[in-house]
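Just below is one structure, and these are the notes that go with it.
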Amino acid sequence: MKITHCIFDMDGLLLDTERIYTEVTSGILARFGQTYSWKLKSRLMGLLQHDADALLINETGIDMTVEEYSKERDKGLLERFPTIKLKPGVMRLVKHLKEHNVPMAVATSSLRNSFEIKSTHLREFFSMFDGIVCGNDPGVKCGKPAPDIFLVASKEIGNPPVEKCLVFEDAINGIQAAKNAGMNVVWVAHKGLAEVCPGDNGADEKLLSLEDFNPEKYGLPPFDDSL
């Protein structure tokens with residue numbers, strides 16, 4: 001397999017945001033005697049934010065409108081976003097691909113203003129990408145598992161043949177979106193998600209950390225051990 005272009009999801013894949021989302025959401029649900037299980041979370045991950053919020057309200061039955069929940073959740077997130085860190089293995093891989101001139105894009109379901117807030121303290125890191133596509137950008141008509149966001153991202157980095165693109169995802173909806181786009185996908189699974197969703201869920205490869213990714217398997221330049 002010869003990959004020439006790479007596309008990365010952001011939340012939970014590049015950034016350690018899922019922990020923050022879980023803490024905030026769990027706090028809200030606890031007031032209503034509800035818990036935020038991995039079974040429910042697995043269905044929300046990767047969706048456009050409004051769709052995820054509506055599904056959560058519908059599934060839990062908590063006495064809040066989608067708008068009320070979103071407002072309270074966003075307030076909690078904003079207080080924590082400046083502390084977001086990169087996930088293990090992320091900097092090494094992205095820096096490696098950049099140094100070898102492999103075109104890269106971020107494809108995140110986050111809205112553009114949310115991306116800006118999350119990335120403010122990581123400008124240098126995100127400057128290594130050739131394109132950033134957000135969930136409310138033109139061309140993204142439908143959220144994951146629809147392929148829109150990955151197809152738009154591929155255009156941002158030269159519109160290569162889809163089979164030459166490798167997507168990195170942490171969500172089941174994201175895996176399905178990448179496959180619906182005709183692309184290859186590596187699933188970097190959270191331990192909790194892997195337990196409730198066993199198997200590879202259609203991904204070409206399943207990892208528990210980007211630290212375990214072997215670029216040579218996809219025809220990409222091998223890591224320099226000095227990095």
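By convention in this document, the chains of the structure tokens carry letters A, B, ... by their order, each chain's residues are numbered from 1, and ligands are numbered from 1 in the order they are shown.
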
Could you give me, as an NGL selection string, the residues within 7 Å of Ala146 (chain A), counting only C-alpha atoms and dropping anything in the same chain fewer than 2 positions from it?
:A and (142-144 or 148 or 177 or 180)

Can you write just those residues out, N, CA and C atoms, as a tab-separated table (two decimals), in the first residue's frame?
```tsv
chain	number	residue	atom	x	y	z
A	142	CYS	N	-22.96	17.23	5.44
A	142	CYS	CA	-23.39	16.21	6.40
A	142	CYS	C	-22.20	15.78	7.25
A	143	GLY	N	-22.47	15.52	8.53
A	143	GLY	CA	-21.42	15.09	9.43
A	143	GLY	C	-21.10	13.62	9.28
A	144	LYS	N	-20.05	13.17	9.94
A	144	LYS	CA	-19.69	11.77	9.97
A	144	LYS	C	-20.88	10.97	10.50
A	148	ASP	N	-18.28	13.61	3.73
A	148	ASP	CA	-18.05	15.00	3.31
A	148	ASP	C	-16.75	15.60	3.81
A	177	ALA	N	-16.92	7.14	8.08
A	177	ALA	CA	-16.82	8.28	7.17
A	177	ALA	C	-15.64	8.13	6.23
A	180	ASN	N	-16.43	5.47	3.75
A	180	ASN	CA	-17.42	5.98	2.80
A	180	ASN	C	-16.79	6.93	1.78
```

Please provide as number ranges by chain all residues within 10 Å of region 35-48 of chain A, with the sequence filter that same-chain residues fewer than 2 positions apart are discarded (counting only C-alpha atoms).
A: 9-12, 18, 21-23, 25-33, 50-56, 59-60, 108-111, 134-136, 142-146, 169-175, 177, 190-197

Polymer residues at most 7 Å from region 206-212 of chain A, only C-alpha atoms, same-chain spacing of 3 or more positions, as a list of chain:residue names:
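Result of the neighbour search: A:Pro88, A:Gly89, A:Val90, A:Val186, A:Trp187, A:Val188, A:Ala189, A:His190, A:Lys191, A:Asp200, A:Ala203.
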
Preceding selection exported with N, CA and C atoms as a PDB file, in the first residue's frame:
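Result file follows (result_31.pdb):
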```pdb
ATOM      1  N   PRO A  88      -0.111  11.161  23.085  1.00  0.00           N
ATOM      2  CA  PRO A  88       1.196  10.516  22.893  1.00  0.00           C
ATOM      3  C   PRO A  88       1.423  10.090  21.440  1.00  0.00           C
ATOM      4  N   GLY A  89       2.618  10.352  20.945  1.00  0.00           N
ATOM      5  CA  GLY A  89       2.999   9.954  19.592  1.00  0.00           C
ATOM      6  C   GLY A  89       2.612  10.941  18.506  1.00  0.00           C
ATOM      7  N   VAL A  90       1.796  11.927  18.843  1.00  0.00           N
ATOM      8  CA  VAL A  90       1.289  12.865  17.833  1.00  0.00           C
ATOM      9  C   VAL A  90       2.394  13.746  17.267  1.00  0.00           C
ATOM     10  N   VAL A 186      -6.695   4.275   9.855  1.00  0.00           N
ATOM     11  CA  VAL A 186      -6.116   3.682  11.055  1.00  0.00           C
ATOM     12  C   VAL A 186      -6.969   4.124  12.235  1.00  0.00           C
ATOM     13  N   TRP A 187      -7.469   3.162  12.979  1.00  0.00           N
ATOM     14  CA  TRP A 187      -8.263   3.464  14.166  1.00  0.00           C
ATOM     15  C   TRP A 187      -7.352   3.466  15.387  1.00  0.00           C
ATOM     16  N   VAL A 188      -7.196   4.637  15.994  1.00  0.00           N
ATOM     17  CA  VAL A 188      -6.431   4.761  17.233  1.00  0.00           C
ATOM     18  C   VAL A 188      -7.457   4.761  18.353  1.00  0.00           C
ATOM     19  N   ALA A 189      -7.693   3.596  18.915  1.00  0.00           N
ATOM     20  CA  ALA A 189      -8.846   3.381  19.794  1.00  0.00           C
ATOM     21  C   ALA A 189      -8.552   3.715  21.253  1.00  0.00           C
ATOM     22  N   HIS A 190      -9.491   4.412  21.872  1.00  0.00           N
ATOM     23  CA  HIS A 190      -9.453   4.568  23.316  1.00  0.00           C
ATOM     24  C   HIS A 190      -9.714   3.199  23.947  1.00  0.00           C
ATOM     25  N   LYS A 191      -9.080   2.922  25.058  1.00  0.00           N
ATOM     26  CA  LYS A 191      -9.225   1.622  25.691  1.00  0.00           C
ATOM     27  C   LYS A 191     -10.696   1.314  25.993  1.00  0.00           C
ATOM     28  N   ASP A 200     -12.012  -4.594  14.685  1.00  0.00           N
ATOM     29  CA  ASP A 200     -11.422  -3.414  14.043  1.00  0.00           C
ATOM     30  C   ASP A 200     -12.472  -2.444  13.517  1.00  0.00           C
ATOM     31  N   ALA A 203     -11.813  -0.719  10.184  1.00  0.00           N
ATOM     32  CA  ALA A 203     -10.555  -0.008   9.962  1.00  0.00           C
ATOM     33  C   ALA A 203      -9.519  -0.934   9.332  1.00  0.00           C
TER      34      ALA A 203
END
```

Name the closest residue to Ala107 (chain A) among the candidates A:Phe8, A:Phe213, A:Phe223, A:Phe126; distances are taken between atoms, counting only C-alpha atoms.
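So, comparing all the options, the nearest one is A:Phe8.
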
From region 114-207 of chain A, collect each residue whose DSSP state is strand (DSSP E) and return the set as a VMD selection string.
chain A and resid 131 to 134 165 to 169 184 to 188 205 to 207

Please, what distance in Å, to one decimal, runs between CA of Glu67 (chain A) and CA of Gln34 (chain A)?
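Here the two named atoms are 18.8 Å from each other.
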
Counting only C-alpha atoms, the residue of A:Val152, A:Met183, A:Ile20, A:Leu220 that sits nearest Lys85 (chain A):
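So, comparing all the options, the nearest one is A:Ile20.
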
Separation of CA of Lys118 (chain A) and CA of Glu79 (chain A), in Å?
10.8 Å

Ranking A:Ala105, A:Leu86, A:Ile7, A:Val94 by minimum distance to Ala178 (chain A) and counting only C-alpha atoms, which one comes first?
A:Ile7

A:Leu15, A:Val140, A:Phe168, A:Glu163 ranked by distance to Lys87 (chain A), top pick (using only C-alpha atoms)
A:Leu15

Quick one: of A:Lys179, A:His121, A:Lys164, A:His96, who's nearest to Asn201 (chain A), counting only C-alpha atoms?
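Counting only C-alpha atoms, the residue closest to Asn201 (chain A) is A:Lys179.
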